[in-house]
There are 4 protein chains.
Amino acid sequence: MTSIGGKALGRDFWVVAGPCSVETREQVISTALSVKAAGADALRGGAFKPRTSPYAFHGLGREALSWLREAGTLAGLPVVTEVCDVRDAELVSQYADVLQIGCRNMQNYPLLVEVGRAGKPVMLKRGMCATIDEWLMSAEYILSEGNPNVILCERGIRGFDAETRNVLDLGAVAATKLKTKLPIIVDPSHATGRSELVAPMSLAAVMAGCDGLMLEVHPEPSRALSDERQQITPEAFKSLMESVRKVVALRPELTEANRWSE
Amino acid sequence: MTSIGGKALGRDFWVVAGPCSVETREQVISTALSVKAAGADALRGGAFKPRTSPYAFHGLGREALSWLREAGTLAGLPVVTEVCDVRDAELVSQYADVLQIGCRNMQNYPLLVEVGRAGKPVMLKRGMCATIDEWLMSAEYILSEGNPNVILCERGIRGFDAETRNVLDLGAVAATKLKTKLPIIVDPSHATGRSELVAPMSLAAVMAGCDGLMLEVHPEPSRALSDERQQITPEAFKSLMESVRKVVALRPELTEANRWSE
Amino acid sequence: MTSIGGKALGRDFWVVAGPCSVETREQVISTALSVKAAGADALRGGAFKPRTSPYAFHGLGREALSWLREAGTLAGLPVVTEVCDVRDAELVSQYADVLQIGCRNMQNYPLLVEVGRAGKPVMLKRGMCATIDEWLMSAEYILSEGNPNVILCERGIRGFDAETRNVLDLGAVAATKLKTKLPIIVDPSHATGRSELVAPMSLAAVMAGCDGLMLEVHPEPSRALSDERQQITPEAFKSLMESVRKVVALRPELTEANRWSE
Amino acid sequence: MTSIGGKALGRDFWVVAGPCSVETREQVISTALSVKAAGADALRGGAFKPRTSPYAFHGLGREALSWLREAGTLAGLPVVTEVCDVRDAELVSQYADVLQIGCRNMQNYPLLVEVGRAGKPVMLKRGMCATIDEWLMSAEYILSEGNPNVILCERGIRGFDAETRNVLDLGAVAATKLKTKLPIIVDPSHATGRSELVAPMSLAAVMAGCDGLMLEVHPEPSRALSDERQQITPEAFKSLMESVRKVVALRPELTEANRWSE
């Protein structure tokens with residue numbers, strides 16, 4: 001069983017929170033302390049940001065990693081951050097407790113192999129049009145390097161309606177739970193692209209059977225350098241965490257009554 | 001506010017249950033009594049079944065309507081059934097309390113106009129690749145005939161992964177709630193196509209903010225003449241209803257805490 | 001072999017042209033004469049227009065049918081027009097030589113049965129997210145009524161990129177040719193939604209093996225009451241027809257050399 | 001204007017052919033000689049094969065590169081092969097004349113930057129669910145490194161119908177031609193996944209306005225170690241090339257007559 005910061009994934013519900021991008025030392029420390037106070041289990045923050053345009057903000061790199069590490073240590077939170085480049089796997093491993101593979105890299109096989117060897121748990125996001133079997137095959141690239149600590153993350157598939165950024169595929173979460181023992185978390189921030197949909201989709205994801213959530217939290221979402229429409233405030237995160245705890249607490253009796261986890 | 005059988009939709013959580021197809025008088029009566037006992041608010045059952053192939057089972061028509069009506073009356077449940085043909089709208093209205101428009105007919109405009117005039121509430125399923133705006137425009141066809149009682153029903157959109165029959169789009173449910181006052185229910189049976197996914201997706205749908213559920217229940221799913229893989233037994237429905245009630249009871253404090261219904 | 005106006009579909013390349021909507025008597029007559037002069041084999045024009053919104057222009061109905069008939073007779077062209085309502089099948093059959101089923105009605109089974117009985121050839125558009133097998137099953141509804149004259153029409157499937165209105169699926173055209181003897185035509189106007197893409201996609205469709213084209217032509221596209229972005233002028237149609245003829249003339253030796261029609 | 005082996009892309013129609021994977025020295029030399037004799041302009045062959053499963057055949061690596069180079073030299077053909085790993089860019093550049101970025105890596109930005117710096121033309125395949133703008137933004141990653149020689153390659157988008165492997169999006173080819181001066185080629189082998197559809201889709205692609213084709217050719221497709229269903233024989237390639245030449249020769253007068261290239 002994958003254990004991160006004293007939490008056993010799959011048994012303990014696991015919430016990762018933090019800003020889309022690490023922007024300043026103050027921003028990430030302040031966010032870390034507030035999400036920790038609200039009950040988060042890990043801190044996220046982008047140091048290397050894959051962006052559609054080469055001219056967009058791409059993260060602050062090594063400096064952001066050090067701020068993220070400092071913030072995690074101060075807040076007592078393990079740190080999750082993305083690796084985009086095989087050559088950065090070792091560097092990022094020095095700072096991060098969990099290596100994230102983003103949706104664009106789900107089938108970047110050399111990167112999967114490299115993070116498989118890095119000795120850290122890996123969070124593997126589902127590609128935007130990946131089938132469940134393709135996703136599990138990508139996980140297999142990591143597992144077959146001898147790294148059993150893979151965490152799947154559903155973050156929405158590409159759809160035809162611009163009303164939401166992507167289509168959160170909770171049916172795939174429930175179906176994947178029946179195919180693998182790997183823990184699976186859900187990222188409603190990227191899936192919906194709209195902060196006002198994050199709370200209902202987080203709670204829906206819990207009911208669909210996920211093992212955790214990944215939420216983008218920013219002190220001032222409207223001033224964020226990326227994903228400004230989908231980040232929630234620390235206050236909203238605090239309320240949401242209380243709600244998540246209530247739904248998580250209710251879940252065991254529901255799953256048992258309906259025996260869907262068998 | 002649309003009221004059906006004493007329930008106010010949007011205020012009272014509303015569960016429609018019953019077999020995919022009405023197959024025998026005994027089957028539908030027995031199912032009606034058992035879903036009523038478990039707490040269903042309405043009985044569903046197909047008398048006219050649109051099927052991809054002209055050679056598949058297409059329902060028993062008028063006879064099925066009379067059995068459905070009888071079963072509803074015996075069980076004390078209002079009856080929901082599909083109309084596929086403008087020429088049947090009046091006939092079906094004599095038996096049904098709610099007229100269902102299936103996903104294939106979401107843009108069958110003469111049919112929408114006809115059910116708009118029939119004087120009964122209409123449940124309008126989302127088309128398999130309809131945007132939210134197209135769906136609401138279809139509702140507008142009914143509303144503009146002077147019929148304010150339209151109930152939207154999300155039943156999954158077409159996806160690329162055969163793992164589930166369709167992709168249940170709960171993000172669209174939450175997004176639609178922000179665009180319209182019309183009640184919206186969710187059909188996890190058709191969306192997933194797999195009975196073992198019906199319970200988690202039902203509870204996830206409640207958390208996403210839906211106003212009700214539509215569930216296929218059959219005394220012996222494996223012997224059903226249609227949709228045999230996705231129907232659940234009366235026993236499973238009973239357990240699920242108890243779970244649904246718990247989640248529905250918890251919801252008001254969650255929505256208030258996260259203010260997502262504002 | 002389906003024969004319309006002296007042309008044998010599948011053997012003779014068949015081009016249907018005309019305005020999206022019949023707007024005035026003059027408009028349809030003028031368009032009919034010009035497309036006939038350019039070599040069109042049939043005249044199209046919408047009298048009953050299914051539109052997403054109930055408040056959009058829906059066509060002029062019976063009056064438009066009579067103008068269309070008159071224009072066809074004057075120009076010596078058979079007439080193709082859409083039927084949206086089972087109750088209109090007989091009326092439309094009095095005016096039209098070919099009954100069109102639009103993409104929204106591909107699975108409107110009562111309508112398929114009705115046009116199957118009307119004694120006229122039927123052009124069946126593919127639904128926006130229909131598989132080839134679902135499309136052929138819909139054709140089967142018409143065929144099984146004893147009407148062998150079904151013409152398939154590919155008009156684009158729903159995609160994720162707003163750059164084109166739909167995704168013209170020419171691979172499906174080639175694949176369908178291997179599954180059925182029914183003739184299949186292509187509608188690049190609706191598929192692309194952009195007049196500047198109609199010529200290349202028309203010629204590409206010929207190479208993919210289609211048996212004909214359906215093209216929207218309007219005397220003044222920018223003043224059209226519907227689909228103003230995708231209609232081409234009579235002059236553009238004339239040039240395109242000359243090009244189409246050249247490519248059609250070249251095709252037999254290509255198909256024989258590559259034996260793909262076997 | 002990008003020039004490869006004496007051919008000016010965008011002006012001269014450019015055909016790349018060869019096996020999916022380089023399997024033996026004999027196989028690639030024999031294929032190279034036969035595709036050269038049939039008129040191919042460049043030789044393709046996979047040395048590093050990204051595959052969905054870690055347990056599938058992944059190519060023979062460096063040895064395959066040397067055979068491919070030898071075969072290209074013997075046949076007088078420039079060589080195109082895929083780079084999957086930033087650390088291989090230099091190695092592959094020593095053997096290849098054109099570096100291919102596969103669809104899974106369209107948004108692998110470090111790899112785009114690295115091939116942008118490698119001093120060789122880059123063929124950039126469209127991702128399976130990438131919009132045209134996302135594709136052009138990925139090209140921009142290469143261009144902004146000072147490498148102007150980017151060749152776009154459409155290879156099909158993910159669809160919902162298993163009848164073809166992907167959906168060849170020729171409308172996107174025509175639409176992209178209106179947005180960029182970069183040459184764009186089409187890969188009907190991966191798009192359709194069926195050898196019997198390669199000829200019609202190749203010729204359709206020419207009509208859609210593409211600047212070249214990429215075709216998988218194998219001496220014995222049924223014995224291929226990968227993509228055995230979609231590779232064509234050298235004999236089929238020879239016939240197809242003759243047909244392609246005829247259609248390419250016809251194209252200038254068609255584009256001029258319809259002025260779609262303006």
# chains A, B, ... in the order shown; residues from 1 in each chain; ligands from 1
>>> select_by_dssp(residues="stretch 16-261 of chain A", states="strand (DSSP E)", output="MDAnalysis selection string")
chainID A and resid 16:18 42:44 79:82 98:101 122:125 150:154 184:186 212:216
>>> residues_around(residues="D:Gly61", least_positions_apart="6", cutoff="10 Å", atoms="only C-alpha atoms", output="mmCIF file with all heavy atoms, in the first residue's frame")
data_model
loop_
_atom_site.group_PDB
_atom_site.id
_atom_site.type_symbol
_atom_site.label_atom_id
_atom_site.label_comp_id
_atom_site.auth_asym_id
_atom_site.auth_seq_id
_atom_site.Cartn_x
_atom_site.Cartn_y
_atom_site.Cartn_z
ATOM 1 N N VAL D 22 11.481 -0.938 -38.349
ATOM 2 C CA VAL D 22 12.642 -1.580 -38.956
ATOM 3 C C VAL D 22 12.818 -2.911 -38.225
ATOM 4 O O VAL D 22 13.006 -2.928 -37.004
ATOM 5 C CB VAL D 22 13.897 -0.694 -38.787
ATOM 6 C CG1 VAL D 22 15.137 -1.436 -39.234
ATOM 7 C CG2 VAL D 22 13.730 0.614 -39.544
ATOM 8 N N GLY D 46 10.568 2.747 -38.225
ATOM 9 C CA GLY D 46 10.638 3.001 -36.789
ATOM 10 C C GLY D 46 11.793 2.260 -36.140
ATOM 11 O O GLY D 46 11.899 1.036 -36.276
ATOM 12 N N ALA D 47 12.636 2.998 -35.456
ATOM 13 C CA ALA D 47 13.727 2.392 -34.693
ATOM 14 C C ALA D 47 13.370 2.403 -33.205
ATOM 15 O O ALA D 47 13.607 1.443 -32.480
ATOM 16 C CB ALA D 47 15.018 3.159 -34.928
ATOM 17 N N PHE D 48 12.771 3.521 -32.775
ATOM 18 C CA PHE D 48 12.259 3.639 -31.409
ATOM 19 C C PHE D 48 10.748 3.720 -31.540
ATOM 20 O O PHE D 48 10.216 4.678 -32.091
ATOM 21 C CB PHE D 48 12.807 4.900 -30.735
ATOM 22 C CG PHE D 48 14.305 4.888 -30.551
ATOM 23 C CD1 PHE D 48 15.144 5.602 -31.406
ATOM 24 C CD2 PHE D 48 14.872 4.148 -29.531
ATOM 25 C CE1 PHE D 48 16.525 5.586 -31.235
ATOM 26 C CE2 PHE D 48 16.264 4.133 -29.347
ATOM 27 C CZ PHE D 48 17.088 4.844 -30.205
ATOM 28 N N LYS D 49 10.048 2.715 -31.071
ATOM 29 C CA LYS D 49 8.599 2.646 -31.263
ATOM 30 C C LYS D 49 7.863 2.896 -29.960
ATOM 31 O O LYS D 49 7.930 2.049 -29.056
ATOM 32 C CB LYS D 49 8.191 1.244 -31.755
ATOM 33 C CG LYS D 49 8.807 0.813 -33.062
ATOM 34 C CD LYS D 49 8.342 1.646 -34.227
ATOM 35 C CE LYS D 49 6.819 1.651 -34.354
ATOM 36 N NZ LYS D 49 6.408 2.662 -35.375
ATOM 37 N N ASP D 88 17.713 11.132 -27.022
ATOM 38 C CA ASP D 88 18.036 10.467 -28.288
ATOM 39 C C ASP D 88 18.083 11.439 -29.461
ATOM 40 O O ASP D 88 18.398 11.026 -30.581
ATOM 41 C CB ASP D 88 16.988 9.389 -28.605
ATOM 42 C CG ASP D 88 17.049 8.221 -27.642
ATOM 43 O OD1 ASP D 88 18.138 7.987 -27.058
ATOM 44 O OD2 ASP D 88 16.017 7.544 -27.481
ATOM 45 N N VAL D 92 19.661 10.294 -32.993
ATOM 46 C CA VAL D 92 18.795 10.109 -34.156
ATOM 47 C C VAL D 92 19.177 11.095 -35.263
ATOM 48 O O VAL D 92 19.155 10.753 -36.450
ATOM 49 C CB VAL D 92 17.301 10.232 -33.769
ATOM 50 C CG1 VAL D 92 16.413 10.093 -34.985
ATOM 51 C CG2 VAL D 92 16.938 9.161 -32.733
#
>>> interface_residues(of="chain A", to="chain C", cutoff="12 Å", atoms="only C-alpha atoms", output="PyMOL selection string")
chain A and resi 128-129+157-162+165-167
>>> write_last_selection(atoms="all heavy atoms", output="PDB file, in the first residue's frame")
ATOM      1  N   MET A 128      -5.992  13.122 -22.228  1.00  0.00           N
ATOM      2  CA  MET A 128      -7.274  13.734 -22.546  1.00  0.00           C
ATOM      3  C   MET A 128      -8.179  12.870 -23.395  1.00  0.00           C
ATOM      4  O   MET A 128      -9.390  13.084 -23.413  1.00  0.00           O
ATOM      5  CB  MET A 128      -7.045  15.058 -23.262  1.00  0.00           C
ATOM      6  CG  MET A 128      -7.252  16.210 -22.324  1.00  0.00           C
ATOM      7  SD  MET A 128      -7.776  17.675 -23.191  1.00  0.00           S
ATOM      8  CE  MET A 128      -6.232  18.289 -23.780  1.00  0.00           C
ATOM      9  N   CYS A 129      -7.596  11.940 -24.139  1.00  0.00           N
ATOM     10  CA  CYS A 129      -8.490  11.011 -24.851  1.00  0.00           C
ATOM     11  C   CYS A 129      -7.989   9.579 -24.701  1.00  0.00           C
ATOM     12  O   CYS A 129      -8.112   8.778 -25.623  1.00  0.00           O
ATOM     13  CB  CYS A 129      -8.693  11.415 -26.305  1.00  0.00           C
ATOM     14  SG  CYS A 129      -7.204  11.478 -27.277  1.00  0.00           S
ATOM     15  N   ILE A 157     -11.813  14.320 -19.697  1.00  0.00           N
ATOM     16  CA  ILE A 157     -11.491  13.973 -21.080  1.00  0.00           C
ATOM     17  C   ILE A 157     -12.011  15.084 -21.994  1.00  0.00           C
ATOM     18  O   ILE A 157     -12.845  15.892 -21.605  1.00  0.00           O
ATOM     19  CB  ILE A 157     -12.094  12.605 -21.479  1.00  0.00           C
ATOM     20  CG1 ILE A 157     -13.613  12.553 -21.200  1.00  0.00           C
ATOM     21  CG2 ILE A 157     -11.378  11.475 -20.748  1.00  0.00           C
ATOM     22  CD1 ILE A 157     -14.292  11.282 -21.679  1.00  0.00           C
ATOM     23  N   ARG A 158     -11.505  15.064 -23.208  1.00  0.00           N
ATOM     24  CA  ARG A 158     -11.903  16.113 -24.153  1.00  0.00           C
ATOM     25  C   ARG A 158     -13.360  15.928 -24.580  1.00  0.00           C
ATOM     26  O   ARG A 158     -13.777  14.826 -24.932  1.00  0.00           O
ATOM     27  CB  ARG A 158     -10.996  16.040 -25.385  1.00  0.00           C
ATOM     28  CG  ARG A 158     -11.284  17.124 -26.397  1.00  0.00           C
ATOM     29  CD  ARG A 158     -10.028  17.783 -26.928  1.00  0.00           C
ATOM     30  NE  ARG A 158      -9.801  19.080 -26.350  1.00  0.00           N
ATOM     31  CZ  ARG A 158      -8.701  19.825 -26.557  1.00  0.00           C
ATOM     32  NH1 ARG A 158      -7.728  19.378 -27.320  1.00  0.00           N
ATOM     33  NH2 ARG A 158      -8.569  20.997 -25.992  1.00  0.00           N
ATOM     34  N   GLY A 159     -14.114  17.004 -24.590  1.00  0.00           N
ATOM     35  CA  GLY A 159     -15.510  16.916 -25.002  1.00  0.00           C
ATOM     36  C   GLY A 159     -15.818  17.889 -26.119  1.00  0.00           C
ATOM     37  O   GLY A 159     -14.919  18.546 -26.647  1.00  0.00           O
ATOM     38  N   PHE A 160     -17.098  17.971 -26.464  1.00  0.00           N
ATOM     39  CA  PHE A 160     -17.517  18.809 -27.593  1.00  0.00           C
ATOM     40  C   PHE A 160     -18.231  20.077 -27.138  1.00  0.00           C
ATOM     41  O   PHE A 160     -18.656  20.876 -27.975  1.00  0.00           O
ATOM     42  CB  PHE A 160     -18.431  18.001 -28.525  1.00  0.00           C
ATOM     43  CG  PHE A 160     -19.567  17.330 -27.808  1.00  0.00           C
ATOM     44  CD1 PHE A 160     -20.672  18.057 -27.424  1.00  0.00           C
ATOM     45  CD2 PHE A 160     -19.519  15.988 -27.480  1.00  0.00           C
ATOM     46  CE1 PHE A 160     -21.716  17.448 -26.740  1.00  0.00           C
ATOM     47  CE2 PHE A 160     -20.555  15.370 -26.799  1.00  0.00           C
ATOM     48  CZ  PHE A 160     -21.660  16.101 -26.432  1.00  0.00           C
ATOM     49  N   ASP A 161     -18.405  20.231 -25.826  1.00  0.00           N
ATOM     50  CA  ASP A 161     -19.182  21.371 -25.333  1.00  0.00           C
ATOM     51  C   ASP A 161     -18.273  22.287 -24.520  1.00  0.00           C
ATOM     52  O   ASP A 161     -17.693  21.870 -23.521  1.00  0.00           O
ATOM     53  CB  ASP A 161     -20.342  20.855 -24.464  1.00  0.00           C
ATOM     54  CG  ASP A 161     -21.354  21.945 -24.145  1.00  0.00           C
ATOM     55  OD1 ASP A 161     -21.090  23.130 -24.448  1.00  0.00           O
ATOM     56  OD2 ASP A 161     -22.421  21.631 -23.590  1.00  0.00           O
ATOM     57  N   ALA A 162     -18.153  23.536 -24.962  1.00  0.00           N
ATOM     58  CA  ALA A 162     -17.238  24.474 -24.308  1.00  0.00           C
ATOM     59  C   ALA A 162     -17.734  24.924 -22.935  1.00  0.00           C
ATOM     60  O   ALA A 162     -17.064  25.678 -22.245  1.00  0.00           O
ATOM     61  CB  ALA A 162     -17.013  25.682 -25.215  1.00  0.00           C
ATOM     62  N   ARG A 165     -14.456  22.903 -19.236  1.00  0.00           N
ATOM     63  CA  ARG A 165     -13.153  22.791 -19.906  1.00  0.00           C
ATOM     64  C   ARG A 165     -12.930  21.380 -20.449  1.00  0.00           C
ATOM     65  O   ARG A 165     -12.412  21.184 -21.534  1.00  0.00           O
ATOM     66  CB  ARG A 165     -12.059  23.152 -18.883  1.00  0.00           C
ATOM     67  CG  ARG A 165     -10.660  23.132 -19.429  1.00  0.00           C
ATOM     68  CD  ARG A 165      -9.670  23.713 -18.422  1.00  0.00           C
ATOM     69  NE  ARG A 165      -8.304  23.578 -18.895  1.00  0.00           N
ATOM     70  CZ  ARG A 165      -7.233  24.008 -18.236  1.00  0.00           C
ATOM     71  NH1 ARG A 165      -7.383  24.601 -17.070  1.00  0.00           N
ATOM     72  NH2 ARG A 165      -6.019  23.844 -18.729  1.00  0.00           N
ATOM     73  N   ASN A 166     -13.322  20.389 -19.648  1.00  0.00           N
ATOM     74  CA  ASN A 166     -13.243  18.990 -20.057  1.00  0.00           C
ATOM     75  C   ASN A 166     -14.460  18.281 -19.499  1.00  0.00           C
ATOM     76  O   ASN A 166     -15.275  18.892 -18.811  1.00  0.00           O
ATOM     77  CB  ASN A 166     -11.968  18.345 -19.476  1.00  0.00           C
ATOM     78  CG  ASN A 166     -10.704  18.934 -20.069  1.00  0.00           C
ATOM     79  OD1 ASN A 166     -10.352  18.674 -21.201  1.00  0.00           O
ATOM     80  ND2 ASN A 166     -10.013  19.778 -19.291  1.00  0.00           N
ATOM     81  N   VAL A 167     -14.570  17.001 -19.774  1.00  0.00           N
ATOM     82  CA  VAL A 167     -15.683  16.205 -19.260  1.00  0.00           C
ATOM     83  C   VAL A 167     -15.141  15.300 -18.157  1.00  0.00           C
ATOM     84  O   VAL A 167     -14.358  14.380 -18.433  1.00  0.00           O
ATOM     85  CB  VAL A 167     -16.301  15.351 -20.387  1.00  0.00           C
ATOM     86  CG1 VAL A 167     -17.379  14.428 -19.827  1.00  0.00           C
ATOM     87  CG2 VAL A 167     -16.870  16.249 -21.477  1.00  0.00           C
TER      88      VAL A 167
END
>>> residues_around(residues="C:Pro19", least_positions_apart="4", cutoff="6 Å", atoms="only C-alpha atoms", output="list in words")
Gly45, Glu216, Val217 and His218 of chain C
>>> write_last_selection(atoms="N, CA, C and O atoms", output="CSV table (one decimal), in the first residue's frame")
chain,number,residue,atom,x,y,z
C,45,GLY,N,-33.7,22.0,-51.5
C,45,GLY,CA,-34.2,23.2,-50.9
C,45,GLY,C,-35.1,22.9,-49.7
C,45,GLY,O,-35.9,21.9,-49.8
C,216,GLU,N,-24.9,23.1,-51.0
C,216,GLU,CA,-25.7,24.3,-50.8
C,216,GLU,C,-25.3,25.5,-51.7
C,216,GLU,O,-24.2,25.9,-51.5
C,217,VAL,N,-26.2,25.9,-52.5
C,217,VAL,CA,-25.9,27.0,-53.4
C,217,VAL,C,-27.0,28.1,-53.2
C,217,VAL,O,-28.2,27.8,-53.2
C,218,HIS,N,-26.6,29.3,-53.2
C,218,HIS,CA,-27.5,30.4,-52.9
C,218,HIS,C,-27.0,31.6,-53.8
C,218,HIS,O,-25.8,31.9,-53.9
>>> closest_residue(among="B:Ala64, B:Met106, B:Ser93, B:Ala191", to="B:Glu134", atoms="only C-alpha atoms")
B:Met106
>>> residues_around(residues="D:Arg259", least_positions_apart="2", cutoff="12 Å", atoms="only C-alpha atoms", output="mmCIF file with C-alpha atoms, in the first residue's frame")
data_model
loop_
_atom_site.group_PDB
_atom_site.id
_atom_site.type_symbol
_atom_site.label_atom_id
_atom_site.label_comp_id
_atom_site.auth_asym_id
_atom_site.auth_seq_id
_atom_site.Cartn_x
_atom_site.Cartn_y
_atom_site.Cartn_z
ATOM 1 C CA SER C 195 -17.854 27.975 -48.054
ATOM 2 C CA GLU C 196 -14.093 28.162 -48.680
ATOM 3 C CA LEU C 197 -13.697 24.511 -47.679
ATOM 4 C CA VAL C 198 -16.503 23.171 -49.877
ATOM 5 C CA ALA C 199 -14.444 22.762 -53.071
ATOM 6 C CA PRO C 200 -11.504 20.820 -51.618
ATOM 7 C CA GLU C 235 -20.568 30.871 -60.075
ATOM 8 C CA ALA C 236 -18.515 28.939 -57.539
ATOM 9 C CA SER C 239 -16.435 26.005 -61.416
ATOM 10 C CA LEU C 240 -16.686 23.266 -58.852
ATOM 11 C CA SER C 243 -13.646 20.184 -61.414
ATOM 12 C CA ARG D 251 -4.694 19.451 -58.917
ATOM 13 C CA PRO D 252 -3.258 22.813 -60.021
ATOM 14 C CA GLU D 253 -6.001 23.464 -62.537
ATOM 15 C CA LEU D 254 -8.638 22.477 -59.985
ATOM 16 C CA THR D 255 -7.302 24.711 -57.244
ATOM 17 C CA GLU D 256 -6.993 27.574 -59.674
ATOM 18 C CA ALA D 257 -10.482 27.104 -61.063
ATOM 19 C CA SER D 261 -5.715 28.198 -52.358
ATOM 20 C CA GLU D 262 -6.004 31.983 -52.286
#
>>> closest_residue(among="A:Thr164, A:Ser189, A:Ser3, A:Asn147", to="A:Asp41", atoms="only C-alpha atoms")
A:Ser3
>>> residues_around(residues="C:Leu168", least_positions_apart="3", cutoff="8 Å", atoms="only C-alpha atoms", output="PyMOL selection string")
(chain C and resi 154-157+188+191-192) or (chain D and resi 169-171)
>>> atom_distance(atom1="atom CA of A:Trp14", atom2="atom CA of A:Ala40")
7.7 Å
